[in-house]
>>> print(open('final_22.pdb').read())   # PDB, C-alpha atoms
MODEL        1
ATOM      1  CA  MET G   1      79.860  37.341  -7.038
ATOM      2  CA  ASP G   2      76.387  38.528  -6.023
ATOM      3  CA  LEU G   3      74.033  35.875  -7.379
ATOM      4  CA  GLN G   4      71.053  38.176  -6.945
ATOM      5  CA  ALA G   5      72.682  40.682  -9.274
ATOM      6  CA  VAL G   6      73.583  37.908 -11.738
ATOM      7  CA  ARG G   7      69.977  36.679 -11.693
ATOM      8  CA  THR G   8      68.793  40.249 -12.350
ATOM      9  CA  PHE G   9      71.239  40.587 -15.257
ATOM     10  CA  VAL G  10      69.882  37.418 -16.889
ATOM     11  CA  ALA G  11      66.301  38.612 -16.342
ATOM     12  CA  VAL G  12      67.030  41.945 -18.061
ATOM     13  CA  ALA G  13      68.867  40.214 -20.908
ATOM     14  CA  GLU G  14      65.904  37.895 -21.496
ATOM     15  CA  ALA G  15      63.227  40.565 -21.050
ATOM     16  CA  GLY G  16      65.040  43.244 -23.050
ATOM     17  CA  GLN G  17      63.754  45.924 -20.663
ATOM     18  CA  PHE G  18      64.563  46.976 -17.123
ATOM     19  CA  GLN G  19      60.869  47.601 -16.405
ATOM     20  CA  LYS G  20      59.714  44.152 -17.593
ATOM     21  CA  ALA G  21      62.574  42.461 -15.692
ATOM     22  CA  ALA G  22      61.445  44.293 -12.551
ATOM     23  CA  VAL G  23      57.921  42.919 -13.012
ATOM     24  CA  ASP G  24      59.272  39.389 -13.594
ATOM     25  CA  LEU G  25      61.421  39.599 -10.444
ATOM     26  CA  ALA G  26      58.692  41.308  -8.380
ATOM     27  CA  VAL G  27      60.968  44.231  -7.457
ATOM     28  CA  THR G  28      61.088  47.901  -8.364
ATOM     29  CA  GLN G  29      62.769  49.170 -11.513
ATOM     30  CA  GLN G  30      65.087  51.186  -9.272
ATOM     31  CA  ALA G  31      66.223  47.944  -7.549
ATOM     32  CA  VAL G  32      66.962  46.392 -10.946
ATOM     33  CA  SER G  33      69.017  49.420 -11.978
ATOM     34  CA  LYS G  34      71.007  49.378  -8.724
ATOM     35  CA  ARG G  35      71.794  45.670  -9.049
ATOM     36  CA  ILE G  36      72.970  46.007 -12.635
ATOM     37  CA  ALA G  37      75.091  49.054 -11.735
ATOM     38  CA  ALA G  38      76.701  47.136  -8.859
ATOM     39  CA  LEU G  39      77.437  44.155 -11.119
ATOM     40  CA  GLU G  40      78.948  46.377 -13.790
ATOM     41  CA  GLN G  41      81.125  48.042 -11.162
ATOM     42  CA  ALA G  42      82.284  44.658  -9.853
ATOM     43  CA  LEU G  43      83.138  43.425 -13.360
ATOM     44  CA  GLY G  44      84.604  46.702 -14.559
ATOM     45  CA  VAL G  45      82.588  46.722 -17.807
ATOM     46  CA  ARG G  46      79.222  47.941 -19.109
ATOM     47  CA  LEU G  47      76.717  45.162 -19.686
ATOM     48  CA  PHE G  48      73.822  47.101 -21.214
ATOM     49  CA  VAL G  49      73.221  50.213 -23.247
ATOM     50  CA  ARG G  50      69.914  52.043 -23.085
ATOM     51  CA  ALA G  51      68.104  52.235 -26.418
ATOM     52  CA  PRO G  52      64.662  53.427 -27.540
ATOM     53  CA  ARG G  53      63.516  49.807 -27.699
ATOM     54  CA  GLY G  54      64.846  48.915 -24.240
ATOM     55  CA  ALA G  55      68.122  47.570 -22.873
ATOM     56  CA  GLN G  56      70.584  46.018 -25.294
ATOM     57  CA  LEU G  57      73.552  43.866 -24.351
ATOM     58  CA  THR G  58      77.009  45.241 -24.999
ATOM     59  CA  ILE G  59      79.678  42.983 -26.449
ATOM     60  CA  ASP G  60      80.843  42.334 -22.872
ATOM     61  CA  GLY G  61      77.257  41.612 -21.823
ATOM     62  CA  ARG G  62      76.895  39.047 -24.616
ATOM     63  CA  ALA G  63      80.170  37.410 -23.528
ATOM     64  CA  PHE G  64      79.065  37.295 -19.891
ATOM     65  CA  LEU G  65      75.511  35.971 -20.482
ATOM     66  CA  PRO G  66      76.253  32.216 -20.961
ATOM     67  CA  HIS G  67      78.523  32.238 -17.918
ATOM     68  CA  ALA G  68      75.857  34.035 -15.869
ATOM     69  CA  ARG G  69      73.310  31.370 -16.790
ATOM     70  CA  GLU G  70      75.765  28.629 -15.813
ATOM     71  CA  LEU G  71      76.396  30.366 -12.467
ATOM     72  CA  LEU G  72      72.669  30.264 -11.724
ATOM     73  CA  ARG G  73      72.433  26.596 -12.742
ATOM     74  CA  ALA G  74      75.422  25.766 -10.524
ATOM     75  CA  ALA G  75      73.804  27.597  -7.608
ATOM     76  CA  GLU G  76      70.612  25.570  -8.054
ATOM     77  CA  ARG G  77      72.559  22.296  -8.196
ATOM     78  CA  ALA G  78      74.443  23.268  -5.037
ATOM     79  CA  ALA G  79      71.206  24.044  -3.188
ATOM     80  CA  ALA G  80      69.541  20.848  -4.435
ATOM     81  CA  SER G  81      72.459  18.725  -3.219
ATOM     82  CA  VAL G  82      71.624  19.530   0.425
ATOM     83  CA  ARG G  83      67.884  20.035   0.157
ATOM     84  CA  PRO G  84      66.078  17.587   2.471
ATOM     85  CA  GLY G  85      65.074  14.521   0.501
ATOM     86  CA  ARG G  86      67.400  15.265  -2.418
ATOM     87  CA  ARG G  87      70.648  13.968  -0.923
ATOM     88  CA  PRO G  88      71.368  10.446   0.365
ATOM     89  CA  LEU G  89      70.471   9.536   3.935
ATOM     90  CA  ARG G  90      73.796   9.088   5.778
ATOM     91  CA  VAL G  91      73.736   6.372   8.453
ATOM     92  CA  ASP G  92      76.621   5.060  10.574
ATOM     93  CA  VAL G  93      76.897   1.373  11.566
ATOM     94  CA  LEU G  94      79.549  -0.384  13.645
ATOM     95  CA  THR G  95      80.704  -2.919  11.022
ATOM     96  CA  SER G  96      79.593  -4.238   7.650
ATOM     97  CA  ARG G  97      78.794  -7.658   9.206
ATOM     98  CA  SER G  98      76.786  -6.399  12.184
ATOM     99  CA  ALA G  99      73.080  -6.666  12.956
ATOM    100  CA  GLN G 100      72.891  -2.941  12.267
ATOM    101  CA  SER G 101      74.100  -3.502   8.705
ATOM    102  CA  GLY G 102      71.506  -6.261   8.374
ATOM    103  CA  ALA G 103      68.801  -3.839   9.492
ATOM    104  CA  MET G 104      69.945  -1.298   6.896
ATOM    105  CA  ARG G 105      69.948  -3.953   4.170
ATOM    106  CA  GLY G 106      66.379  -4.802   5.138
ATOM    107  CA  PHE G 107      65.454  -1.123   5.017
ATOM    108  CA  HIS G 108      67.013  -0.784   1.557
ATOM    109  CA  ARG G 109      65.015  -3.770   0.271
ATOM    110  CA  ALA G 110      61.817  -2.325   1.738
ATOM    111  CA  HIS G 111      62.509   1.215   0.476
ATOM    112  CA  PRO G 112      64.692   1.057  -2.658
ATOM    113  CA  GLU G 113      63.637   4.599  -3.509
ATOM    114  CA  VAL G 114      65.688   5.972  -0.578
ATOM    115  CA  GLU G 115      69.279   6.678  -1.543
ATOM    116  CA  LEU G 116      71.684   5.647   1.229
ATOM    117  CA  ASP G 117      75.244   6.342   2.303
ATOM    118  CA  VAL G 118      76.238   3.749   4.915
ATOM    119  CA  LEU G 119      79.346   4.732   6.900
ATOM    120  CA  MET G 120      81.481   3.058   9.571
ATOM    121  CA  LEU G 121      82.932   5.723  11.858
ATOM    122  CA  PRO G 122      85.660   4.770  14.363
ATOM    123  CA  GLY G 123      83.753   5.389  17.601
ATOM    124  CA  ILE G 124      80.951   7.114  19.460
ATOM    125  CA  ASP G 125      82.817  10.408  19.785
ATOM    126  CA  ALA G 126      83.337  10.653  16.014
ATOM    127  CA  ALA G 127      79.728   9.646  15.380
ATOM    128  CA  MET G 128      78.351  12.216  17.824
ATOM    129  CA  ALA G 129      80.502  14.979  16.347
ATOM    130  CA  ALA G 130      79.284  14.087  12.851
ATOM    131  CA  LEU G 131      75.653  14.042  14.029
ATOM    132  CA  ARG G 132      75.882  17.431  15.674
ATOM    133  CA  SER G 133      77.702  19.027  12.723
ATOM    134  CA  GLY G 134      75.159  17.733  10.228
ATOM    135  CA  GLU G 135      77.634  15.472   8.398
ATOM    136  CA  LEU G 136      75.639  12.430   9.524
ATOM    137  CA  ASP G 137      71.892  11.829   9.770
ATOM    138  CA  ALA G 138      71.827   8.857  12.145
ATOM    139  CA  THR G 139      74.056   6.366  13.937
ATOM    140  CA  PHE G 140      73.481   2.997  15.603
ATOM    141  CA  ARG G 141      75.066   2.943  19.057
ATOM    142  CA  ALA G 142      74.471   1.730  22.613
ATOM    143  CA  VAL G 143      75.022   4.956  24.466
ATOM    144  CA  ALA G 144      72.423   5.031  27.232
ATOM    145  CA  ALA G 145      75.033   3.742  29.666
ATOM    146  CA  PRO G 146      75.660   5.518  32.981
ATOM    147  CA  GLY G 147      78.164   8.336  32.668
ATOM    148  CA  ARG G 148      77.389   9.002  29.010
ATOM    149  CA  PRO G 149      74.480  11.471  29.041
ATOM    150  CA  LEU G 150      73.228  12.502  25.620
ATOM    151  CA  PRO G 151      73.220  16.153  24.530
ATOM    152  CA  GLU G 152      69.743  17.680  24.607
ATOM    153  CA  ASP G 153      69.643  18.004  20.817
ATOM    154  CA  ILE G 154      70.223  14.255  20.273
ATOM    155  CA  GLU G 155      67.397  11.700  20.451
ATOM    156  CA  ALA G 156      68.071   7.982  21.076
ATOM    157  CA  THR G 157      65.536   5.232  20.369
ATOM    158  CA  ARG G 158      66.102   1.567  21.183
ATOM    159  CA  VAL G 159      65.418  -0.198  17.874
ATOM    160  CA  LEU G 160      67.057  -3.627  17.975
ATOM    161  CA  ASP G 161      67.798  -6.289  20.580
ATOM    162  CA  GLU G 162      70.433  -8.798  19.478
ATOM    163  CA  PRO G 163      70.794 -12.047  21.481
ATOM    164  CA  LEU G 164      74.376 -12.978  22.317
ATOM    165  CA  GLN G 165      75.799 -16.399  21.521
ATOM    166  CA  LEU G 166      78.942 -18.131  22.732
ATOM    167  CA  LEU G 167      81.555 -18.832  20.073
ATOM    168  CA  THR G 168      84.104 -21.576  20.783
ATOM    169  CA  GLY G 169      86.670 -23.706  19.035
ATOM    170  CA  PRO G 170      86.078 -27.464  18.496
ATOM    171  CA  ALA G 171      88.168 -28.493  21.522
ATOM    172  CA  HIS G 172      86.482 -26.194  24.032
ATOM    173  CA  ALA G 173      84.743 -27.893  26.968
ATOM    174  CA  LEU G 174      81.374 -26.451  25.864
ATOM    175  CA  ALA G 175      81.823 -27.025  22.132
ATOM    176  CA  ASP G 176      79.257 -29.825  21.904
ATOM    177  CA  ALA G 177      76.665 -28.249  24.189
ATOM    178  CA  PRO G 178      73.320 -27.489  22.460
ATOM    179  CA  SER G 179      73.036 -24.407  24.680
ATOM    180  CA  VAL G 180      74.667 -22.934  27.765
ATOM    181  CA  THR G 181      73.311 -20.886  30.664
ATOM    182  CA  LEU G 182      74.988 -17.775  32.020
ATOM    183  CA  ALA G 183      75.525 -19.639  35.286
ATOM    184  CA  GLY G 184      77.225 -22.406  33.303
ATOM    185  CA  LEU G 185      79.753 -19.891  31.942
ATOM    186  CA  VAL G 186      81.122 -19.055  35.387
ATOM    187  CA  GLY G 187      84.777 -20.064  35.512
ATOM    188  CA  HIS G 188      85.221 -20.094  31.727
ATOM    189  CA  ARG G 189      87.478 -17.489  30.100
ATOM    190  CA  ILE G 190      85.611 -15.265  27.647
ATOM    191  CA  TRP G 191      88.066 -13.326  25.514
ATOM    192  CA  MET G 192      86.879 -10.047  23.981
ATOM    193  CA  PRO G 193      89.857  -7.896  22.958
ATOM    194  CA  GLY G 194      87.591  -5.232  21.444
ATOM    195  CA  VAL G 195      85.999  -4.358  24.798
ATOM    196  CA  ALA G 196      88.262  -1.565  26.002
ATOM    197  CA  PRO G 197      87.565   0.739  28.977
ATOM    198  CA  GLY G 198      85.520   3.771  27.987
ATOM    199  CA  THR G 199      84.021   2.255  24.848
ATOM    200  CA  GLU G 200      80.279   2.446  24.345
ATOM    201  CA  TRP G 201      79.797  -1.312  24.918
ATOM    202  CA  GLY G 202      82.097  -1.474  27.946
ATOM    203  CA  ALA G 203      79.324  -0.588  30.441
ATOM    204  CA  TYR G 204      77.151  -3.396  29.076
ATOM    205  CA  TYR G 205      79.778  -6.081  29.685
ATOM    206  CA  ASP G 206      80.774  -4.563  33.032
ATOM    207  CA  ASP G 207      77.186  -5.038  34.231
ATOM    208  CA  LEU G 208      77.007  -8.540  32.756
ATOM    209  CA  VAL G 209      80.163  -9.536  34.640
ATOM    210  CA  ALA G 210      78.964  -7.957  37.875
ATOM    211  CA  GLU G 211      75.548  -9.628  37.799
ATOM    212  CA  PHE G 212      76.545 -13.141  36.746
ATOM    213  CA  GLY G 213      80.154 -13.467  37.946
ATOM    214  CA  LEU G 214      81.602 -14.068  34.491
ATOM    215  CA  THR G 215      85.251 -13.751  33.518
ATOM    216  CA  ILE G 216      85.668 -11.475  30.492
ATOM    217  CA  GLU G 217      89.240 -10.776  29.409
ATOM    218  CA  ALA G 218      90.080  -7.878  27.125
ATOM    219  CA  THR G 219      93.848  -8.435  27.126
ATOM    220  CA  GLY G 220      96.037  -8.185  24.054
ATOM    221  CA  PRO G 221      95.707  -6.005  20.951
ATOM    222  CA  ASN G 222      92.566  -6.187  18.853
ATOM    223  CA  PHE G 223      93.678  -7.447  15.447
ATOM    224  CA  GLY G 224      90.120  -7.821  14.172
ATOM    225  CA  SER G 225      87.661 -10.663  13.741
ATOM    226  CA  ASP G 226      89.899 -12.911  11.598
ATOM    227  CA  ALA G 227      92.639 -13.008  14.252
ATOM    228  CA  LEU G 228      90.013 -13.613  16.956
ATOM    229  CA  LEU G 229      88.562 -16.578  15.056
ATOM    230  CA  ASP G 230      92.010 -18.048  14.425
ATOM    231  CA  THR G 231      92.822 -17.861  18.132
ATOM    232  CA  LEU G 232      89.543 -19.467  19.216
ATOM    233  CA  ALA G 233      90.081 -22.345  16.789
ATOM    234  CA  ASP G 234      93.535 -23.084  18.264
ATOM    235  CA  THR G 235      92.933 -22.338  21.961
ATOM    236  CA  PRO G 236      90.550 -24.686  23.835
ATOM    237  CA  ALA G 237      90.499 -22.492  26.938
ATOM    238  CA  LEU G 238      89.017 -19.411  25.266
ATOM    239  CA  ALA G 239      85.536 -18.505  24.048
ATOM    240  CA  THR G 240      83.901 -15.218  23.070
ATOM    241  CA  PHE G 241      80.492 -13.600  22.752
ATOM    242  CA  MET G 242      79.080 -12.653  19.381
ATOM    243  CA  GLY G 243      75.743 -11.318  18.203
ATOM    244  CA  GLU G 244      73.252 -13.831  16.852
ATOM    245  CA  HIS G 245      72.791 -11.721  13.712
ATOM    246  CA  SER G 246      76.477 -10.946  13.169
ATOM    247  CA  ARG G 247      77.750 -12.477   9.957
ATOM    248  CA  LEU G 248      81.203 -14.024  10.328
ATOM    249  CA  ILE G 249      82.947 -16.382   7.916
ATOM    250  CA  TRP G 250      85.812 -18.675   8.867
ATOM    251  CA  PRO G 251      87.716 -21.535   7.204
ATOM    252  CA  ALA G 252      85.946 -24.874   7.366
ATOM    253  CA  GLY G 253      88.900 -26.378   9.201
ATOM    254  CA  HIS G 254      88.363 -24.063  12.173
ATOM    255  CA  GLY G 255      85.323 -26.043  13.289
ATOM    256  CA  LEU G 256      83.976 -23.163  15.366
ATOM    257  CA  ARG G 257      80.692 -23.558  17.267
ATOM    258  CA  ARG G 258      77.963 -20.950  17.823
ATOM    259  CA  ILE G 259      76.123 -21.871  21.019
ATOM    260  CA  PRO G 260      72.889 -20.182  22.230
ATOM    261  CA  VAL G 261      73.067 -18.646  25.700
ATOM    262  CA  THR G 262      70.012 -19.067  27.928
ATOM    263  CA  GLY G 263      68.778 -18.688  31.468
ATOM    264  CA  PRO G 264      68.483 -15.729  30.737
ATOM    265  CA  THR G 265      69.672 -14.801  27.227
ATOM    266  CA  PRO G 266      71.792 -11.637  27.276
ATOM    267  CA  VAL G 267      70.643  -9.282  24.525
ATOM    268  CA  TYR G 268      72.661  -6.349  23.271
ATOM    269  CA  PRO G 269      70.577  -3.174  22.773
ATOM    270  CA  HIS G 270      71.125  -1.125  19.645
ATOM    271  CA  PHE G 271      69.915   2.498  19.652
ATOM    272  CA  LEU G 272      69.327   4.804  16.708
ATOM    273  CA  LEU G 273      70.629   8.318  17.423
ATOM    274  CA  HIS G 274      69.845  11.450  15.452
ATOM    275  CA  ARG G 275      69.453  15.177  15.902
ATOM    276  CA  ARG G 276      65.959  16.119  17.009
ATOM    277  CA  ASP G 277      65.786  18.850  14.355
ATOM    278  CA  ASN G 278      67.035  16.724  11.430
ATOM    279  CA  PRO G 279      64.626  17.484   8.539
ATOM    280  CA  HIS G 280      65.569  14.636   6.158
ATOM    281  CA  PRO G 281      62.264  12.913   5.260
ATOM    282  CA  ALA G 282      63.996   9.546   4.794
ATOM    283  CA  LEU G 283      64.996   9.598   8.468
ATOM    284  CA  ARG G 284      61.326   9.436   9.406
ATOM    285  CA  THR G 285      60.929   6.553   6.947
ATOM    286  CA  LEU G 286      63.857   4.702   8.543
ATOM    287  CA  ARG G 287      62.507   5.198  12.055
ATOM    288  CA  ALA G 288      59.065   3.958  11.002
ATOM    289  CA  TYR G 289      60.621   0.882   9.365
ATOM    290  CA  LEU G 290      62.687   0.053  12.445
ATOM    291  CA  SER G 291      59.646   0.431  14.701
ATOM    292  CA  THR G 292      57.767  -2.185  12.655
ATOM    293  CA  THR G 293      60.665  -4.658  12.644
ATOM    294  CA  ALA G 294      61.599  -4.306  16.328
ATOM    295  CA  SER G 295      61.166  -7.515  18.326
ATOM    296  CA  PRO G 296      60.601  -6.754  22.020
ATOM    297  CA  ALA G 297      62.483  -9.198  24.220
ATOM    298  CA  ASP G 298      60.648 -11.148  26.907
ATOM    299  CA  PRO G 299      62.007  -9.745  30.203
ATOM    300  CA  ALA G 300      61.499 -13.148  31.844
ATOM    301  CA  GLU G 301      63.825 -14.853  29.370
ATOM    302  CA  THR G 302      66.359 -12.169  28.502
ATOM    303  CA  TRP G 303      68.751  -9.812  30.248
ATOM    304  CA  VAL G 304      69.792  -6.221  29.596
ATOM    305  CA  PRO G 305      71.373  -3.778  32.055
ATOM    306  CA  GLY G 306      68.961  -1.864  34.247
ATOM    307  CA  TRP G 307      69.832   1.452  32.600
ATOM    308  CA  VAL G 308      68.564   0.298  29.169
ATOM    309  CA  GLY G 309      65.213   1.820  28.229
ATOM    310  CA  PRO G 310      62.336  -0.230  26.798
ATOM    311  CA  LEU G 311      62.236  -1.410  23.198
ATOM    312  CA  PRO G 312      59.215   0.189  21.452
ATOM    313  CA  LYS G 313      56.375  -2.153  20.523
ATOM    314  CA  ASN G 314      55.823  -3.051  16.865
ATOM    315  CA  GLY G 315      54.038  -0.361  14.944
TER     316      GLY G 315
ENDMDL
END
>>> encode(input="final_22.pdb", output="structure tokens")
Amino acid sequence: MDLQAVRTFVAVAEAGQFQKAAVDLAVTQQAVSKRIAALEQALGVRLFVRAPRGAQLTIDGRAFLPHARELLRAAERAAASVRPGRRPLRVDVLTSRSAQSGAMRGFHRAHPEVELDVLMLPGIDAAMAALRSGELDATFRAVAAPGRPLPEDIEATRVLDEPLQLLTGPAHALADAPSVTLAGLVGHRIWMPGVAPGTEWGAYYDDLVAEFGLTIEATGPNFGSDALLDTLADTPALATFMGEHSRLIWPAGHGLRRIPVTGPTPVYPHFLLHRRDNPHPALRTLRAYLSTTASPADPAETWVPGWVGPLPKNG
């Protein structure tokens, strides 16, 4: 149904005259007459009769009026639901226990007035498709790796560096070490079943292995973090990397150890991706917040692959 014609019908019904409705709508009286005629033709009934005192509603016009008003209210609600600043900001994170989720929780505490939808999409391809279609406002990913060029309409900003730690079971040879160097990890088996070829973090660990001669195994199915923790607790020969800010919970009997890695400390770079033309005002607020909380890593003490761009300075 032509909403413009419906809006004109309501204006005439409220004004009681075609001429006054035309003034209220800032159109000609001829335009008002044409719209009403088209609406009457579409409905198959007469809505007004001309009278000396103006335009009077017919019985069909009186029946249609409340529905016409509800149509206009529904149209306004529909438009408001997608108007920039009126709908929630939709942001994708890898997992609910990740550093990215922690950053979003911090943002929510700092800006409780911003309504959020936090999603967890299955991979970079799904996230990119959602960004480009407008279903998503932003996503946290590490996609500046070689071979994964970004589309021209997508902007990526490095917003968070997360130091990696070594996670071991209580019987592992390094379990009691206060810290461990990357050189000291040579010869130890680091098991990371979630690092599959072609994933967005695969290039990071490929470069880490190549530069420091580490042994990272991605064998076996990925049954999730609980299965990984169970295996580490029972297998002295295996360890894994995990983010310093990742929140994992395991049974007390597992006795797992989180050991800082130094000399240098490998840090995992998180990027915020969004469409360059995204108009949501809360996206600008999120980017400003992340820029003030970013902690630039000391290049002399940390390691990232050479293809990773710089982390912006605070402020």
>>> resolve_selection(input="final_22.pdb", expression="the PyMOL selection byres ((chain G and resi 157) around 6)", output="PyMOL selection string")
chain G and resi 156+158-159+271-272
>>> atom_distance(input="final_22.pdb", atom1="CA of Pro251 in chain G", atom2="CA of Ser179 in chain G")
23.0 Å
>>> atom_distance(input="final_22.pdb", atom1="CA of Pro264 in chain G", atom2="CA of His172 in chain G")
21.9 Å
>>> atom_distance(input="final_22.pdb", atom1="CA of Ala127 in chain G", atom2="CA of Leu94 in chain G")
10.2 Å
>>> resolve_selection(input="final_22.pdb", expression="the PyMOL selection byres ((chain G and resi 53) around 12)", output="list in words")
Ala15, Gly16, Gln17, Phe18, Gln19, Val49, Arg50, Ala51, Pro52, Gly54, Ala55 and Gln56 of chain G
>>> write_last_selection(input="final_22.pdb", atoms="C-alpha atoms", output="mmCIF file, in the coordinates of the input")
data_model
loop_
_atom_site.group_PDB
_atom_site.id
_atom_site.type_symbol
_atom_site.label_atom_id
_atom_site.label_comp_id
_atom_site.auth_asym_id
_atom_site.auth_seq_id
_atom_site.Cartn_x
_atom_site.Cartn_y
_atom_site.Cartn_z
ATOM 1 C CA ALA G 15 63.227 40.565 -21.050
ATOM 2 C CA GLY G 16 65.040 43.244 -23.050
ATOM 3 C CA GLN G 17 63.754 45.924 -20.663
ATOM 4 C CA PHE G 18 64.563 46.976 -17.123
ATOM 5 C CA GLN G 19 60.869 47.601 -16.405
ATOM 6 C CA VAL G 49 73.221 50.213 -23.247
ATOM 7 C CA ARG G 50 69.914 52.043 -23.085
ATOM 8 C CA ALA G 51 68.104 52.235 -26.418
ATOM 9 C CA PRO G 52 64.662 53.427 -27.540
ATOM 10 C CA GLY G 54 64.846 48.915 -24.240
ATOM 11 C CA ALA G 55 68.122 47.570 -22.873
ATOM 12 C CA GLN G 56 70.584 46.018 -25.294
#
>>> closest_residue(input="final_22.pdb", among="G:Leu167, G:Leu248, G:Leu273, G:Leu131", to="Ala233 in chain G", atoms="all atoms listed in the file")
G:Leu167
